[in-house]
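Read through the structure below, which is laid out as structure tokens, and then see the notes.
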Amino acid sequence: MKNSEKKILVTGAAGFIGSALSKRLLDRGDCVVGIDNMNDYYDVTLKEARLARLQGVPGFTFVKLDIADRAGMEKLFAEQRFNAVMNLAAQAGVRYSLINPFSYVDSNVMGFANILEGCRHTGVQHLVYASSSSVYGANTNMPFSVHHNVDHPVSLYAASKKANELMAHTYSHLYTIPTTGLRFFTVYGPWGRPDMALFLFTKAILEGRPIDVFNYGRMRRDFTYIDDIVEGVVRVIDRVAEPNPRWSGDAPDPATSYAPYRIYNIGNNNPVELMRYIEVLEDCLGRKAEKNLLPMQPGDVPATYADVDDLIQDVDFKPDTPIAEGIRKFVEWYSSYYRV
């Protein structure tokens, strides 16, 4: 391994973001060990297809492993000795947390504890992990800033992501492990998750079925294109978290610490009404959607909007892919992948 190369663990490597990130890291010459439990939360063949794009690429190794498997994770960390870890493995989805709460505790809490312990015992130089815009919960002060207090989550998924941030801070404090949490805002694009709006809408419209539009279409989301997320992640991995010398316990800043700990938003910094998002999709598909207007679902929030000033200041990057471009690229991929 050359000095410039890193050996990076990417958890959730068969996932939407994990597979895209792994490909990008391999393209620049890093060695990537990807793990995934390949569960059936959604179509496993899509996960296998994402993995197939990585298999055979020099520098990529895949291990089928669940981050909640304590013994398996201990063995992996001991054998591989990673320079950096990017944790993207998680039980995702706000709505599913109402149905199967324990899957969130197993993966997002127990699994994350196993990752922290692996980093602690093997001298990992930087742990980066996916948090979520959902941690802002009941906050209404827009745009959402990493310097705002986020102690009022409205779903178990959000609470589990907030827990990750707290657990990471504890390990940064106790063991001086540099940790950086990334709050992603509504990620979309090619190879996306079938449980997310764009995928569900596209499938239904092409099949001539009505789409469920929650909060009567008055949702506003900071839709963020996958390539922007990946670019932000790569830049953050390379910028190891450091203590903030100006941090004060009298007026604690939630985004930084006296320990090597950071939090960033990665969002498009441009909220879009759900109805507008649907209009763009209709244009790309060349057909109209039949809309089933419904009230807001438990655990959802009416709007998200990312303040990305810290991301711009620290890694010189601002997500900016417009939805017209991002949705077009998704529809092109969907049409090709599903041969429609």
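A note on labels: chains of the structure tokens are A, B, ... as shown, every chain counts residues from 1, and ligands are counted from 1 in their shown order.
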
Out of range 111-190 of chain A, which residues get strand (DSSP E or B) from DSSP, as number ranges by chain? A: 126-132, 144, 179-184, 187-188

Let me see the file: selected residues, N, CA and C atoms, as a PDB file, in the first residue's frame.
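As a result, part35.pdb now contains:
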ATOM      1  N   HIS A 126      -9.507   8.056  12.202  1.00  0.00           N
ATOM      2  CA  HIS A 126     -10.680   8.921  12.032  1.00  0.00           C
ATOM      3  C   HIS A 126     -11.914   8.060  11.820  1.00  0.00           C
ATOM      4  N   LEU A 127     -12.910   8.251  12.671  1.00  0.00           N
ATOM      5  CA  LEU A 127     -14.208   7.612  12.485  1.00  0.00           C
ATOM      6  C   LEU A 127     -15.189   8.668  11.984  1.00  0.00           C
ATOM      7  N   VAL A 128     -15.742   8.427  10.799  1.00  0.00           N
ATOM      8  CA  VAL A 128     -16.794   9.279  10.252  1.00  0.00           C
ATOM      9  C   VAL A 128     -18.059   8.429  10.220  1.00  0.00           C
ATOM     10  N   TYR A 129     -19.189   9.010  10.550  1.00  0.00           N
ATOM     11  CA  TYR A 129     -20.413   8.201  10.624  1.00  0.00           C
ATOM     12  C   TYR A 129     -21.603   9.025  10.135  1.00  0.00           C
ATOM     13  N   ALA A 130     -22.577   8.310   9.581  1.00  0.00           N
ATOM     14  CA  ALA A 130     -23.787   8.958   9.095  1.00  0.00           C
ATOM     15  C   ALA A 130     -24.719   9.237  10.260  1.00  0.00           C
ATOM     16  N   SER A 131     -25.035  10.512  10.442  1.00  0.00           N
ATOM     17  CA  SER A 131     -26.149  10.899  11.295  1.00  0.00           C
ATOM     18  C   SER A 131     -27.286  11.217  10.341  1.00  0.00           C
ATOM     19  N   SER A 132     -28.181  12.098  10.700  1.00  0.00           N
ATOM     20  CA  SER A 132     -29.339  12.349   9.843  1.00  0.00           C
ATOM     21  C   SER A 132     -29.955  13.704  10.147  1.00  0.00           C
ATOM     22  N   PHE A 144     -31.598  24.654   9.530  1.00  0.00           N
ATOM     23  CA  PHE A 144     -31.091  23.863  10.651  1.00  0.00           C
ATOM     24  C   PHE A 144     -29.566  24.004  10.726  1.00  0.00           C
ATOM     25  N   THR A 179     -13.692  11.840  15.798  1.00  0.00           N
ATOM     26  CA  THR A 179     -14.964  11.387  15.232  1.00  0.00           C
ATOM     27  C   THR A 179     -15.676  12.561  14.559  1.00  0.00           C
ATOM     28  N   THR A 180     -16.288  12.279  13.422  1.00  0.00           N
ATOM     29  CA  THR A 180     -17.067  13.297  12.711  1.00  0.00           C
ATOM     30  C   THR A 180     -18.407  12.708  12.310  1.00  0.00           C
ATOM     31  N   GLY A 181     -19.477  13.369  12.713  1.00  0.00           N
ATOM     32  CA  GLY A 181     -20.829  12.953  12.360  1.00  0.00           C
ATOM     33  C   GLY A 181     -21.364  13.795  11.218  1.00  0.00           C
ATOM     34  N   LEU A 182     -22.027  13.152  10.269  1.00  0.00           N
ATOM     35  CA  LEU A 182     -22.562  13.846   9.096  1.00  0.00           C
ATOM     36  C   LEU A 182     -24.074  13.708   9.058  1.00  0.00           C
ATOM     37  N   ARG A 183     -24.753  14.845   9.147  1.00  0.00           N
ATOM     38  CA  ARG A 183     -26.215  14.842   9.082  1.00  0.00           C
ATOM     39  C   ARG A 183     -26.636  14.998   7.621  1.00  0.00           C
ATOM     40  N   PHE A 184     -27.038  13.888   7.024  1.00  0.00           N
ATOM     41  CA  PHE A 184     -27.457  13.887   5.622  1.00  0.00           C
ATOM     42  C   PHE A 184     -28.901  14.378   5.505  1.00  0.00           C
ATOM     43  N   VAL A 187     -31.326  12.209   0.801  1.00  0.00           N
ATOM     44  CA  VAL A 187     -30.442  11.832  -0.300  1.00  0.00           C
ATOM     45  C   VAL A 187     -31.244  11.112  -1.388  1.00  0.00           C
ATOM     46  N   TYR A 188     -30.960  11.449  -2.650  1.00  0.00           N
ATOM     47  CA  TYR A 188     -31.659  10.803  -3.762  1.00  0.00           C
ATOM     48  C   TYR A 188     -30.696  10.675  -4.939  1.00  0.00           C
TER      49      TYR A 188
END

Selection: 12 Å around Asn270 in chain A, only C-alpha atoms, excl. self and same-chain fewer than 5 positions, as a PyMOL selection string: chain A and resi 142-144+185-186+220-225+303-308+318-323

DSSP helix (DSSP H, G or I) residues within range 55-227 of chain A, listed as a ChimeraX atom specification: /A:70-80,95-98,101-122,133-136,156-175,197-206,214-217,226-227

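Proximity to Arg339 in chain A was assessed for A:Val85, A:Ser134, A:Leu206, A:Val230 counting only C-alpha atoms; the smallest distance is recorded for A:Leu206.
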
Polymer residues at most 6 Å from range 240-257 of chain A, only C-alpha atoms, same-chain spacing of 6 or more positions, as a CSV table (one decimal) with N, CA and C atoms, in the first residue's frame:
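Output (selection.csv):
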chain,number,residue,atom,x,y,z
A,126,HIS,N,-9.5,8.1,12.2
A,126,HIS,CA,-10.7,8.9,12.0
A,126,HIS,C,-11.9,8.1,11.8
A,146,VAL,N,-25.9,23.1,12.8
A,146,VAL,CA,-25.2,22.1,13.7
A,146,VAL,C,-24.9,22.7,15.0
A,147,HIS,N,-25.1,24.1,15.1
A,147,HIS,CA,-24.8,24.8,16.4
A,147,HIS,C,-26.1,24.9,17.2
A,178,PRO,N,-10.6,10.7,17.0
A,178,PRO,CA,-11.3,11.8,16.2
A,178,PRO,C,-12.6,11.2,15.6
A,263,ILE,N,-19.4,17.9,14.0
A,263,ILE,CA,-20.7,17.5,13.3
A,263,ILE,C,-20.9,18.5,12.1

Could the residues of range 167-241 of chain A that have an atom at most 12 Å from range 8-32 of chain A be listed as CSV, each with its closest atom pair and the distance in Å to one decimal, counting only C-alpha atoms and ordered by chain and ascending residue number?
residue,atom,partner,partner_atom,distance
A:Phe184,CA,A:Ile17,CA,10.4
A:Thr186,CA,A:Ile17,CA,11.6
A:Val187,CA,A:Ile17,CA,8.4
A:Tyr188,CA,A:Phe16,CA,8.9
A:Gly189,CA,A:Phe16,CA,8.9
A:Pro190,CA,A:Phe16,CA,8.5
A:Trp191,CA,A:Phe16,CA,6.0
A:Gly192,CA,A:Phe16,CA,5.2
A:Arg193,CA,A:Phe16,CA,6.2
A:Pro194,CA,A:Phe16,CA,9.8
A:Asp195,CA,A:Phe16,CA,11.4
A:Met196,CA,A:Phe16,CA,11.1
A:Thr224,CA,A:Ile17,CA,11.7
A:Tyr225,CA,A:Ile17,CA,10.5
A:Ile226,CA,A:Ile17,CA,7.0
A:Asp227,CA,A:Ala20,CA,7.9
A:Asp228,CA,A:Leu21,CA,10.7
A:Ile229,CA,A:Ile17,CA,8.0
A:Val230,CA,A:Leu21,CA,5.5
A:Glu231,CA,A:Leu21,CA,8.4
A:Gly232,CA,A:Leu21,CA,10.2
A:Val233,CA,A:Leu21,CA,7.9
A:Val234,CA,A:Leu25,CA,7.6
A:Arg235,CA,A:Leu25,CA,10.8
A:Ile237,CA,A:Ile8,CA,9.5
A:Asp238,CA,A:Ile8,CA,11.1

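If you count only C-alpha atoms and ignore residues fewer than 6 places along the chain from range 281-293 of chain A, what sits within 9 Å of it is Leu198, Phe201, Thr202, Ala204, Ile205, Leu206, Gly208, Arg209, Pro210, Ile211, Asp212, Val213, Phe214, Asn215, Tyr216, Gly217, Ala324, Ile327, Arg328, Val331 and Glu332 of chain A.
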
Near-Tyr171 in chain A list (8 Å; only C-alpha atoms; drop same-chain fewer than 4 positions) as a PyMOL selection string: chain A and resi 116+120+167+175-177

Under the rule that only C-alpha atoms are counted, which of A:Met219, A:Gly118, A:Glu5, A:Leu274 is the nearest residue to Pro295 in chain A? A:Met219

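Proximity to Asn83 in chain A was assessed for A:Arg262, A:His173, A:Lys6, A:Arg95 counting only C-alpha atoms; the smallest distance is recorded for A:Lys6.
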
If you count only C-alpha atoms, the residue of A:Ala52, A:Leu88, A:Arg218, A:Arg239 closest to Glu273 in chain A turns out to be A:Arg218

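Nearest-residue note for Asn265 in chain A: choosing from A:Leu294, A:Ala158, A:Leu166, A:Val135, the minimum distance belongs to A:Val135, counting only C-alpha atoms.
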
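Going from CA of Asp66 in chain A over to CA of Ile99 in chain A, you cover 20.8 Å.
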
Which residue gives the smallest distance to Tyr96 in chain A among A:Leu156, A:Arg276, A:Lys7, A:Asp309, with only C-alpha atoms counted? A:Leu156
